[in-house]
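Novice: What follows is the file model05.txt, containing compact mmCIF, C-alpha atoms:
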```
# COMPACT_ATOMS: atom_id res chain seq x y z
CA MET A 13 38.40 -139.40 85.39
CA SER A 14 38.50 -137.69 82.00
CA LYS A 15 36.86 -140.86 80.63
CA TYR A 16 33.58 -139.49 82.03
CA SER A 17 33.92 -136.11 80.27
CA THR A 18 31.57 -135.12 77.44
CA LYS A 19 31.34 -132.18 75.08
CA TRP A 20 29.50 -130.14 77.71
CA LEU A 21 30.83 -131.60 80.97
CA LYS A 22 34.50 -131.73 81.94
CA VAL A 23 35.33 -134.31 84.61
CA SER A 24 38.67 -134.46 86.44
CA GLU A 25 40.18 -135.72 89.71
CA PRO A 26 42.33 -132.82 90.97
CA ILE A 27 42.66 -134.41 94.42
CA ALA A 28 42.61 -138.10 95.31
CA HIS A 29 39.01 -139.35 95.61
CA VAL A 30 37.60 -135.88 94.71
CA ILE A 31 35.82 -135.37 91.39
CA HIS A 32 35.50 -131.93 89.81
CA ILE A 33 32.65 -131.47 87.32
CA GLU A 34 32.76 -128.31 85.20
CA LEU A 35 29.48 -127.52 83.47
CA SER A 36 28.59 -125.82 80.24
CA ARG A 37 25.01 -126.94 79.61
CA TYR A 38 22.78 -129.95 78.83
CA TRP A 39 20.79 -131.15 81.80
CA ARG A 40 20.25 -134.64 80.41
CA GLU A 41 24.02 -135.22 80.26
CA TYR A 42 24.32 -133.84 83.80
CA GLY A 43 21.87 -136.40 85.15
CA ARG A 44 23.40 -139.25 83.14
CA LEU A 45 26.88 -138.36 84.40
CA PHE A 46 25.80 -138.51 88.04
CA GLU A 47 24.00 -141.80 87.48
CA THR A 48 27.18 -143.17 85.87
CA LEU A 49 29.31 -142.00 88.81
CA ILE A 50 26.86 -143.52 91.30
CA GLY A 51 27.11 -146.83 89.43
CA ALA A 52 30.92 -146.65 89.27
CA HIS A 53 31.08 -145.90 92.99
CA ALA A 54 28.87 -148.92 93.76
CA THR A 55 31.34 -151.24 92.03
CA GLY A 56 34.50 -149.90 93.66
CA GLU A 57 35.38 -146.51 92.14
CA ASP A 58 36.70 -144.62 95.19
CA ILE A 59 34.71 -141.39 94.88
CA ARG A 60 34.35 -139.57 98.20
CA ALA A 61 33.24 -136.06 97.21
CA ILE A 62 32.27 -134.08 94.12
CA VAL A 63 32.66 -130.38 93.38
CA VAL A 64 30.34 -128.88 90.76
CA SER A 65 31.26 -125.58 89.13
CA SER A 66 30.76 -123.75 85.85
CA ALA A 67 33.28 -124.01 83.03
CA ILE A 68 32.28 -120.50 81.91
CA PRO A 69 34.60 -117.84 83.40
CA LYS A 70 32.03 -115.18 84.29
CA ILE A 71 28.75 -117.02 84.98
CA PHE A 72 27.41 -120.12 86.67
CA THR A 73 24.08 -120.21 84.81
CA ALA A 74 22.38 -117.56 82.70
CA GLY A 75 18.86 -118.97 82.93
CA LEU A 76 16.42 -119.74 80.12
CA ASP A 77 17.46 -118.28 76.77
CA LEU A 78 14.97 -116.74 74.33
CA ASN A 79 14.95 -119.78 72.04
CA SER A 80 14.19 -122.13 74.92
CA ALA A 81 11.47 -119.80 76.18
CA ALA A 82 9.93 -119.75 72.71
CA ASP A 83 10.04 -123.56 72.53
CA LEU A 84 8.34 -123.72 75.93
CA ALA A 85 5.59 -121.40 74.74
CA LEU A 86 5.05 -123.52 71.61
CA ALA A 87 4.85 -126.71 73.66
CA ALA A 88 2.27 -125.13 75.95
CA THR A 89 0.07 -124.00 73.06
CA ASP A 90 0.58 -126.96 70.72
CA ALA A 91 -2.80 -127.78 69.15
CA THR A 92 -1.57 -130.59 66.88
CA HIS A 93 -2.18 -133.16 69.63
CA ASP A 94 -4.99 -133.83 72.05
CA ARG A 95 -4.45 -131.45 75.00
CA ALA A 96 -4.60 -134.20 77.62
CA ARG A 97 -1.98 -136.27 75.79
CA ALA A 98 0.21 -133.23 75.20
CA SER A 99 -0.01 -132.38 78.91
CA LEU A 100 1.04 -135.90 79.88
CA ALA A 101 4.02 -135.69 77.52
CA LEU A 102 5.03 -132.33 78.99
CA ARG A 103 4.65 -133.71 82.53
CA ASN A 104 6.96 -136.60 81.65
CA THR A 105 9.57 -134.16 80.35
CA ILE A 106 9.36 -132.11 83.56
CA LEU A 107 9.72 -135.27 85.66
CA GLU A 108 12.76 -136.31 83.59
CA PHE A 109 14.24 -132.85 84.12
CA GLN A 110 13.59 -133.02 87.89
CA ASN A 111 15.17 -136.46 88.09
CA ALA A 112 18.31 -135.31 86.26
CA ILE A 113 18.85 -132.18 88.35
CA GLY A 114 18.04 -134.12 91.54
CA THR A 115 20.73 -136.78 91.11
CA PRO A 116 23.21 -135.17 93.57
CA ASP A 117 20.70 -135.83 96.35
CA ARG A 118 20.85 -139.56 95.56
CA CYS A 119 24.65 -139.77 95.54
CA PRO A 120 26.18 -141.72 98.45
CA PHE A 121 28.88 -139.04 98.71
CA PRO A 122 28.65 -135.26 99.29
CA VAL A 123 28.24 -132.91 96.34
CA ILE A 124 29.55 -129.36 96.79
CA ALA A 125 28.40 -126.51 94.56
CA ALA A 126 30.94 -123.74 93.90
CA VAL A 127 29.19 -120.81 92.17
CA HIS A 128 30.29 -117.47 90.80
CA GLY A 129 28.74 -114.68 88.74
CA PRO A 130 25.03 -114.91 87.87
CA VAL A 131 23.22 -117.99 89.24
CA VAL A 132 19.88 -117.69 87.49
CA GLY A 133 16.82 -119.93 87.26
CA LEU A 134 18.01 -123.50 86.76
CA GLY A 135 21.23 -122.66 88.60
CA VAL A 136 19.25 -122.22 91.81
CA ASP A 137 17.49 -125.55 91.16
CA MET A 138 20.86 -127.22 90.68
CA ILE A 139 22.56 -125.91 93.80
CA SER A 140 19.57 -126.24 96.13
CA VAL A 141 19.85 -130.03 95.91
CA CYS A 142 23.60 -130.11 96.65
CA ASP A 143 24.96 -130.94 100.10
CA VAL A 144 27.04 -127.78 100.51
CA ARG A 145 27.03 -124.49 98.62
CA TYR A 146 29.94 -122.03 98.43
CA ALA A 147 29.64 -118.73 96.56
CA ALA A 148 32.23 -116.33 95.20
CA SER A 149 31.73 -112.77 96.42
CA ASN A 150 30.78 -111.77 92.86
CA ALA A 151 27.89 -114.26 92.73
CA THR A 152 24.34 -113.00 92.30
CA PHE A 153 21.22 -115.14 92.42
CA SER A 154 17.73 -114.99 90.93
CA ILE A 155 14.75 -117.34 91.02
CA LYS A 156 13.87 -116.00 87.60
CA GLU A 157 11.00 -118.23 86.45
CA VAL A 158 8.31 -115.71 87.38
CA ASP A 159 9.64 -113.38 84.67
CA VAL A 160 9.18 -116.14 82.09
CA GLY A 161 5.61 -116.76 83.25
CA LEU A 162 5.82 -119.97 85.26
CA ALA A 163 6.43 -121.23 88.77
CA PRO A 164 9.81 -122.91 89.38
CA ASP A 165 9.29 -126.63 88.78
CA ILE A 166 12.67 -128.38 88.77
CA GLY A 167 13.60 -128.33 92.46
CA THR A 168 13.86 -124.84 93.89
CA LEU A 169 10.44 -124.83 95.58
CA ALA A 170 10.88 -128.40 96.83
CA HIS A 171 14.23 -127.69 98.50
CA LEU A 172 14.59 -124.00 99.35
CA PRO A 173 12.01 -123.85 102.18
CA GLY A 174 14.01 -126.49 104.03
CA VAL A 175 17.42 -125.18 102.96
CA MET A 176 16.73 -121.58 103.97
CA GLY A 177 14.25 -122.15 106.80
CA ASN A 178 12.70 -118.79 105.96
CA LEU A 179 9.43 -119.00 104.03
CA SER A 180 9.07 -115.23 103.94
CA ALA A 181 12.36 -114.89 102.07
CA VAL A 182 11.59 -117.86 99.79
CA ARG A 183 8.25 -116.31 98.85
CA GLU A 184 9.70 -112.83 98.32
CA LEU A 185 12.50 -114.05 96.07
CA THR A 186 10.21 -116.40 94.12
CA TYR A 187 7.37 -113.90 93.62
CA THR A 188 9.66 -111.05 92.48
CA GLY A 189 12.53 -112.83 90.69
CA ARG A 190 14.82 -110.10 92.01
CA PHE A 191 18.58 -110.59 92.13
CA PHE A 192 20.21 -111.01 95.51
CA SER A 193 23.87 -110.96 96.48
CA ALA A 194 26.18 -113.65 97.83
CA ALA A 195 26.06 -111.92 101.22
CA GLU A 196 22.25 -112.10 101.20
CA ALA A 197 22.40 -115.73 100.10
CA GLN A 198 24.60 -116.50 103.09
CA SER A 199 22.28 -114.64 105.46
CA PHE A 200 19.36 -116.66 104.08
CA GLY A 201 21.26 -119.94 104.57
CA LEU A 202 21.40 -120.69 100.84
CA VAL A 203 25.21 -120.76 100.93
CA SER A 204 27.40 -121.62 103.89
CA LYS A 205 30.45 -119.63 102.81
CA VAL A 206 31.24 -116.60 100.68
CA VAL A 207 34.74 -116.61 99.19
CA GLU A 208 36.33 -113.31 98.17
CA GLY A 209 37.02 -113.30 94.44
CA GLY A 210 35.57 -115.13 91.46
CA ARG A 211 35.49 -118.58 89.91
CA ASP A 212 39.03 -119.71 90.70
CA ALA A 213 38.82 -118.64 94.34
CA VAL A 214 35.53 -120.36 95.10
CA VAL A 215 36.51 -123.55 93.27
CA ALA A 216 39.77 -123.69 95.25
CA ALA A 217 37.87 -123.29 98.53
CA ALA A 218 35.35 -125.98 97.55
CA LEU A 219 38.14 -128.38 96.58
CA GLU A 220 39.80 -127.84 99.98
CA LEU A 221 36.51 -128.71 101.66
CA ALA A 222 36.15 -131.79 99.46
CA LYS A 223 39.72 -132.84 100.32
CA ALA A 224 38.90 -132.65 104.04
CA ILE A 225 35.74 -134.71 103.54
CA ALA A 226 37.60 -137.27 101.42
CA SER A 227 40.03 -137.88 104.28
CA LYS A 228 37.21 -139.15 106.52
CA SER A 229 35.70 -142.62 106.74
CA PRO A 230 33.52 -143.25 103.65
CA VAL A 231 31.18 -145.32 105.82
CA ALA A 232 30.75 -142.40 108.24
CA VAL A 233 30.28 -139.73 105.55
CA ALA A 234 27.88 -141.76 103.41
CA GLY A 235 25.93 -142.74 106.51
CA ALA A 236 25.77 -139.15 107.74
CA LYS A 237 24.46 -137.94 104.36
CA HIS A 238 21.83 -140.67 104.25
CA LEU A 239 20.67 -139.97 107.79
CA ILE A 240 20.56 -136.18 107.27
CA ASN A 241 18.39 -136.71 104.19
CA HIS A 242 16.18 -139.10 106.15
CA ALA A 243 15.82 -136.51 108.95
CA ARG A 244 14.79 -133.91 106.39
CA ASP A 245 11.95 -136.11 105.14
CA HIS A 246 10.78 -137.71 108.42
CA SER A 247 9.85 -136.89 112.00
CA VAL A 248 12.43 -136.76 114.80
CA GLU A 249 11.08 -139.98 116.29
CA GLU A 250 11.19 -141.80 112.96
CA ASN A 251 14.72 -140.62 112.27
CA LEU A 252 16.04 -141.66 115.69
CA SER A 253 14.61 -145.14 115.24
CA TYR A 254 15.96 -145.39 111.70
CA THR A 255 19.39 -144.12 112.80
CA ALA A 256 19.57 -146.80 115.51
CA THR A 257 18.90 -149.50 112.91
CA TRP A 258 21.36 -147.98 110.44
CA ASN A 259 24.20 -147.65 112.93
CA ALA A 260 23.61 -151.11 114.35
CA ALA A 261 25.07 -152.29 111.04
CA ALA A 262 27.42 -149.37 110.29
CA LEU A 263 29.22 -149.68 113.65
CA MET A 264 30.57 -153.03 112.45
CA THR A 265 32.90 -151.19 110.05
CA THR A 266 36.67 -151.64 110.24
CA ASP A 267 36.98 -147.88 109.63
CA ILE A 268 36.58 -147.33 113.38
CA SER A 269 39.58 -149.50 114.29
CA GLU A 270 41.57 -147.94 111.44
CA ASN A 271 40.87 -144.48 112.85
CA VAL A 272 41.96 -145.59 116.34
CA GLN A 273 45.17 -147.18 115.01
CA ALA A 274 45.96 -144.14 112.86
CA MET A 275 45.54 -141.77 115.81
CA GLY A 276 47.81 -143.97 117.93
CA ALA A 277 50.45 -144.09 115.21
CA LYS A 278 50.02 -140.37 114.42
CA ARG A 279 49.41 -141.07 110.74
CA PRO A 280 46.51 -140.37 108.37
CA PRO A 281 43.95 -143.19 108.28
CA LYS A 282 43.65 -145.30 105.16
CA PHE A 283 40.19 -146.41 104.08
CA THR A 284 39.08 -148.82 101.38
CA PRO A 285 36.43 -147.83 98.82
CA LEU A 286 32.86 -147.89 100.08
CA GLY A 287 31.45 -149.71 97.08
CA VAL A 288 32.24 -153.37 96.41
CA PRO A 289 31.11 -155.49 93.44
CA SER A 290 28.10 -157.64 94.21
CA LYS A 291 28.57 -161.39 94.12
CA LEU A 292 24.95 -161.91 93.06
```
With the file now loaded, output its structure as structure tokens.
Specialist:
Amino acid sequence: MSKYSTKWLKVSEPIAHVIHIELSRYWREYGRLFETLIGAHATGEDIRAIVVSSAIPKIFTAGLDLNSAADLALAATDATHDRARASLALRNTILEFQNAIGTPDRCPFPVIAAVHGPVVGLGVDMISVCDVRYAASNATFSIKEVDVGLAPDIGTLAHLPGVMGNLSAVRELTYTGRFFSAAEAQSFGLVSKVVEGGRDAVVAAALELAKAIASKSPVAVAGAKHLINHARDHSVEENLSYTATWNAAALMTTDISENVQAMGAKRPPKFTPLGVPSKL
């Protein structure tokens, strides 16, 4: 899997069918990498889960640096172009940014965030779109955009109300930008597990979770993710109807008989990759 690595993103396969992405920076490369992995999966690459962590020993994300903040201020006050045209250009950049950070949501396999140290600004955007979030006990979080002078616009406000189910907490944390602990994040529902220790401990726990997921039927896991996302965006009645249609096809899978045979033989089941090359 190192063939997918770049200067700022290290990609490895520490466990069969599990990809580990270690981040440094560069959101455009992050989005492109996920799009590449989605394409590879569709043509037969047997990816069943991804773990996302930071390559930096003491932090997950530090937030907007002073140079980036200055560039943002210049873009907002640029008088060299017509204001309407400049606004459209800025909107397109924001949409590109949203699309890149939102790619884990479009993956047909689960994406697990393993965070440690400060998780500031964009870091909250990045993890809020992931399927599962684990935090090291030394992790601290901040929706920091208010201290720069803007509302979060890359994903936090789109996802956190549903993720946390607590609008009071979402509003408090967004309006103040205050730091909150891993224990608070778990109480809010932002993370599902707090792992004692730092980067290595939380990454190890996330990889164990990914290993467990990778042992399951790819048809079942991909279907479950798709249907959970559909339930998030639709009514109960709509989701039940959609699920019936989805499973009418998915129940035809040979993964069910493989599971039954494996249980009878007391062996681990063996599944083929979910993606197959199109004959069209």
Novice: Report the closest atom pair, with its distance in Å rounded to one decimal, for each residue of stretch 156-191 of chain A that has an atom no farther than 12 Å from stretch 99-112 of chain A; count only C-alpha atoms, sort by chain and then rising residue number, and write it as a tab-separated table.
Specialist:
```
residue	atom	partner	partner_atom	distance
A:Pro164	CA	A:Ile106	CA	10.9
A:Asp165	CA	A:Ile106	CA	7.6
A:Ile166	CA	A:Gln110	CA	4.8
A:Gly167	CA	A:Gln110	CA	6.5
A:Thr168	CA	A:Gln110	CA	10.1
A:Leu169	CA	A:Gln110	CA	11.7
A:Ala170	CA	A:Gln110	CA	10.4
A:His171	CA	A:Gln110	CA	11.9
```
Novice: Using all atoms listed in the file, which residue out of A:Val141, A:Leu134, A:Arg279, A:Val123 lies closest to A:Ile225?
Specialist: A:Val123
Novice: Looking at all atoms listed in the file, which of A:Asp117, A:Glu250, A:Glu157, A:Glu25 is the one that sits closest to A:Phe46?
Specialist: A:Asp117
Novice: For a quick check of understanding, using all atoms listed in the file, which of A:Lys223, A:Tyr146, A:Ser180, A:Gly161 has the smallest distance to A:Ala197?
Specialist: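 Ranking A:Lys223, A:Tyr146, A:Ser180, A:Gly161 by distance to A:Ala197, first place goes to A:Tyr146.
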Novice: Would you please work out which residue, of A:Arg97, A:Lys228, A:Lys237, A:Lys278, is nearest to A:Phe121 when using only C-alpha atoms?
Specialist: A:Lys237
Novice: Would you work out the distance separating atom CA of A:Arg44 from atom CA of A:Ala151, expressed in Å to one decimal?
Specialist: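 Computing it gives 27.1 Å between the two atoms.
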Novice: Please report the interatomic distance between atom CA of A:Ala61 and atom CA of A:Val288 in Å with one decimal.
Specialist: 17.4 Å
Novice: For A:Met13, please output as a ChimeraX atom specification all residues within 12 Å (counting all atoms listed in the file; exclusion window: fewer than 5 positions along the same chain).
Specialist: /A:18,21-33,45,48-49,52,57-59,62
Novice: Using C-alpha atoms, can you export the residues from the last selection as an mmCIF file, in the frame of the given file?
Specialist:
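Result went into selection.cif, see below:
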```
data_model
loop_
_atom_site.group_PDB
_atom_site.id
_atom_site.type_symbol
_atom_site.label_atom_id
_atom_site.label_comp_id
_atom_site.auth_asym_id
_atom_site.auth_seq_id
_atom_site.Cartn_x
_atom_site.Cartn_y
_atom_site.Cartn_z
ATOM 1 C CA THR A 18 31.570 -135.120 77.440
ATOM 2 C CA LEU A 21 30.830 -131.600 80.970
ATOM 3 C CA LYS A 22 34.500 -131.730 81.940
ATOM 4 C CA VAL A 23 35.330 -134.310 84.610
ATOM 5 C CA SER A 24 38.670 -134.460 86.440
ATOM 6 C CA GLU A 25 40.180 -135.720 89.710
ATOM 7 C CA PRO A 26 42.330 -132.820 90.970
ATOM 8 C CA ILE A 27 42.660 -134.410 94.420
ATOM 9 C CA ALA A 28 42.610 -138.100 95.310
ATOM 10 C CA HIS A 29 39.010 -139.350 95.610
ATOM 11 C CA VAL A 30 37.600 -135.880 94.710
ATOM 12 C CA ILE A 31 35.820 -135.370 91.390
ATOM 13 C CA HIS A 32 35.500 -131.930 89.810
ATOM 14 C CA ILE A 33 32.650 -131.470 87.320
ATOM 15 C CA LEU A 45 26.880 -138.360 84.400
ATOM 16 C CA THR A 48 27.180 -143.170 85.870
ATOM 17 C CA LEU A 49 29.310 -142.000 88.810
ATOM 18 C CA ALA A 52 30.920 -146.650 89.270
ATOM 19 C CA GLU A 57 35.380 -146.510 92.140
ATOM 20 C CA ASP A 58 36.700 -144.620 95.190
ATOM 21 C CA ILE A 59 34.710 -141.390 94.880
ATOM 22 C CA ILE A 62 32.270 -134.080 94.120
#
```
Novice: Taking all atoms listed in the file into account, which of A:Leu292, A:Ala224, A:Ala74, A:Leu162 comes nearest A:Val132?
Specialist: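 Under the stated criterion, the closest residue is A:Ala74.
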